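Undergrad: Below is one structure. I have some questions about it.
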Amino acid sequence: MKTQVAIIGGGPAGLLLSQLLHTRGIDSVVLERKTKDYVLGRIRAGVLEQGLVKLMEEAGCAERMHAEGLTHDGTLISYGNEIFRVDFSEHTGKPVMVYGQTEVTRDLYEAREKANGKIEFEVEDVVIHGANTDLPHVYYTVDGEARRLDCDFVAGCDGFHGVSRQSIPLDVRREYEKIYPFGWLGILSETPPVNHELIYANSNRGFALCSMRNSNLSRYYIQCSLSDSPGDWTDEAFWEELKRRIPKEQADKLVTGPSIEKSIAPLRSFVTEPMRWGRLFLCGDAAHIVPPTGAKGLNTAASDVHYLYNGLREFYEKGSEEGIDTYSEKALKRVWKAERFSWWFSSLMHRYPDQSEFDLKIQVAELEFLRSNKAAQQAMAENYVGLPY
């Protein structure tokens, strides 16, 4: 089998790239390790930057997002019983869109299926060959049958544990990592959100986040120990702890209910450089991970797709290699800025085990400065709604 672009990974990054390429008549094949139902069963973040919204529009996949997504013009930040709002529209003229990553993925699958896009599921034993030559190809198996996919380029959208990054030789790539000493315990519940905008809470008991997927589906998180497991927390214990971490006014009106999903996510920052080796390009979690604070994971994957899609489009439509030659440099510049923002926001909102009394005072001072200073709020708003591509 032959295609122009082999895409390893059938999550939102791989599907978005495939659909965008399709709009320009560029052929691709998507190889996914799991089943479609498994991919759609993964619960992920749901705050979309305007850059991703525009990419979904360009891909022809934005109709349901605009009908069902929630436009947010700001967010609330609390510390103790103090609370203030950062107005995104006032400072940037742009909102964010709250629309679950699962729904983004669902819309992209639907579009690829309508276009008869080639997606192979339950793919195993993937090996990328010749990535540093003009004749790359991918070997894999499906149901025990060995297959070969010849292509012009390989896009590695297969996440942190995928084969794409590992295909770049160790003497070529360099990796940077920070492991945070806590995790997020999250639950999904069929309850109305406690507030119509997100609440990020810093408390003396640890961080909390009040989020949502729609008007009757809420997503809540609390900072927890890395040694915890979801089974350690009953629903009742979670709700009581959440109430202790958010301002009393919000805690008093919090509607609780049984969780329909409960999980713990560790927090880490990770970047690999370069994001290109020959004709292999890394996108999304295959190249970088950010803490969920600030909701940059899916959005940085989308910016990668933007740069790669446009580079490939210029290659096929104009015969220019400038876009693919500069892909890694452009993508990494934006990735590191997203890493900085996620690190800053995480440092501002969480309790760290080694924090001194001095550190805690500085944290409060930083929050009060953000509360009172318009320039600080503008800087946060610009990063939150998404830096330009």
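Lettering and numbering for the structure tokens are positional, with chains as A, B, ... in the shown order, residues counted from 1 in each chain, and ligands counted from 1 in the shown order.
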Which neighbours of A:Ala286 fall inside 9 Å, counting only C-alpha atoms, when residues of the same chain fewer than 5 positions from it are skipped, and could you give them as a list in words?
TA: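 The contact residues come out as Gly156, Cys157, Asp158, Gly159, Phe160, His161, Gly162, Val163, Ser164, Arg165, Thr272 and Met275 of chain A.
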Undergrad: Write out the residues from the selection above, keeping C-alpha atoms, as an mmCIF file, in the first residue's frame.
TA:
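Output file result-v2.cif follows:
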data_model
loop_
_atom_site.group_PDB
_atom_site.id
_atom_site.type_symbol
_atom_site.label_atom_id
_atom_site.label_comp_id
_atom_site.auth_asym_id
_atom_site.auth_seq_id
_atom_site.Cartn_x
_atom_site.Cartn_y
_atom_site.Cartn_z
ATOM 1 C CA GLY A 156 4.189 10.665 14.412
ATOM 2 C CA CYS A 157 1.001 11.495 16.329
ATOM 3 C CA ASP A 158 1.163 8.410 18.544
ATOM 4 C CA GLY A 159 1.667 9.943 21.971
ATOM 5 C CA PHE A 160 4.353 9.714 24.615
ATOM 6 C CA HIS A 161 4.533 5.902 24.567
ATOM 7 C CA GLY A 162 4.416 5.564 20.778
ATOM 8 C CA VAL A 163 7.137 4.375 18.425
ATOM 9 C CA SER A 164 7.646 7.614 16.509
ATOM 10 C CA ARG A 165 9.837 9.459 18.985
ATOM 11 C CA THR A 272 11.958 16.366 22.919
ATOM 12 C CA MET A 275 10.585 17.418 16.278
#
Undergrad: Go through stretch 45-289 of chain A and collect every residue that DSSP, computed from the backbone, puts in strand (DSSP E); the answer should be as number ranges by chain.
TA: A: 47-48, 70-72, 74-79, 82-87, 96-98, 118-120, 123-129, 137-142, 145-150, 153-156, 174-189, 199-202, 208-214, 217-224, 259-273, 276-277, 280-282, 288-289
Undergrad: Could you please determine the separation between atom CA of A:Asn216 and atom CA of A:Gly93 in Å, to one decimal place?
TA: 28.0 Å
Undergrad: Find the residues around A:Asn116 up to 12 Å (only C-alpha atoms counted), leave out those fewer than 4 positions away in its own chain, and share them as a list in words.
TA: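 My list of contacting residues is Ser18, Gln19, His22, Asp27, Ser28, Val29, Val30, Tyr109, Glu110, Ala111 and Arg112 of chain A.
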Undergrad: Hey, can you check how far atom CA of A:Ala146 sits from atom CA of A:Thr3?
TA: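 Taking atom CA of A:Ala146 and atom CA of A:Thr3, their separation equals 17.1 Å.
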Undergrad: Do you have, as a Markdown table, the list of residues of stretch 248-341 of chain A lying at most 10 Å from stretch 67-81 of chain A, each with its nearest atom pair and that distance in Å to one decimal, counting only C-alpha atoms and ordered by chain then number?
TA:
| residue | atom | partner | partner_atom | distance |
| --- | --- | --- | --- | --- |
| A:Lys248 | CA | A:Asn81 | CA | 6.7 |
| A:Glu249 | CA | A:Asn81 | CA | 8.5 |
| A:Gln250 | CA | A:Asn81 | CA | 9.8 |
Undergrad: Extract, using only C-alpha atoms, all DNA, RNA and protein residues at most 9 Å from A:Leu226, discarding same-chain residues fewer than 3 positions from it, and format them as a list of chain:residue names.
TA: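 Result of the neighbour search: A:Pro181, A:Phe182, A:Gly183, A:Trp184, A:Ser229, A:Ile264, A:Ala265, A:Pro266.
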Undergrad: Find the residues near A:Gln4: any atom within 9 Å, counting only C-alpha atoms, skip ones fewer than 2 places away on the same chain, and give them as a ChimeraX atom specification.
TA: /A:2,6,26-29,150-154
Undergrad: Have a look at A:Val335, A:Leu170, A:Met349, A:Met97 and name the one nearest to A:Ile199; count only C-alpha atoms.
TA: A:Met349
Undergrad: So how far away is atom CA of A:Asp107 from atom CA of A:Leu209, in Å?
TA: 26.5 Å
Undergrad: Would you mind telling me which residue in A:Pro193, A:Leu217, A:Ala302, A:Pro136 lies nearest to A:Leu55 when using only C-alpha atoms?
TA: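 Using only C-alpha atoms, the shortest distance to A:Leu55 belongs to A:Ala302.
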Undergrad: I want to know what sits within 12 Å of A:Tyr38, based on only C-alpha atoms, with residues of the same chain fewer than 5 positions away left out; could you give that as a ChimeraX atom specification?
TA: /A:10-11,32-33,43,102,105-106,121-122
Undergrad: Would you please give, as a list in words, all residues of stretch 216-265 of chain A that DSSP assigns to helix (DSSP H, G or I) based on the backbone?
TA: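 Residues of stretch 216-265 of chain A classed as helix (DSSP H, G or I): Pro230, Gly231, Asp232, Asp235, Glu236, Ala237, Phe238, Trp239, Glu240, Glu241, Leu242, Lys243, Arg244, Arg245, Lys248, Glu249, Gln250, Ala251 and Asp252 of chain A.
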Undergrad: Point out the residue among A:Thr300, A:Ser356, A:Thr23, A:Asn204 with the least atom-to-atom distance to A:Gly117, counting only C-alpha atoms.
TA: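 Closest to A:Gly117, using only C-alpha atoms: A:Thr23.
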Undergrad: Nearest residue to A:Ile168 out of A:Val271, A:Leu282, A:Ala201, A:Ala208, using only C-alpha atoms?
TA: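 Answer, going by the shortest atom-to-atom distance: A:Leu282.
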Undergrad: Using only C-alpha atoms, which residue out of A:Gly231, A:Gly100, A:Pro95, A:Gly278 lies closest to A:Glu197?
TA: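 With only C-alpha atoms as the atom set, the closest residue is A:Pro95.
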Undergrad: Would you kindly return, as a VMD selection string, each protein, DNA or RNA residue with an atom no farther than 10 Å from any atom of A:Glu49, considering only C-alpha atoms and excluding same-chain residues fewer than 6 positions away?
TA: chain A and resid 94 to 98 295 to 296 298 to 300 302 to 303 383 to 388
Undergrad: My list of candidates is A:Lys318, A:Arg276, A:Arg334, A:His350. Which is closest to A:Arg245 when distances are computed with only C-alpha atoms?
TA: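 Selected residue with least distance to A:Arg245: A:His350.
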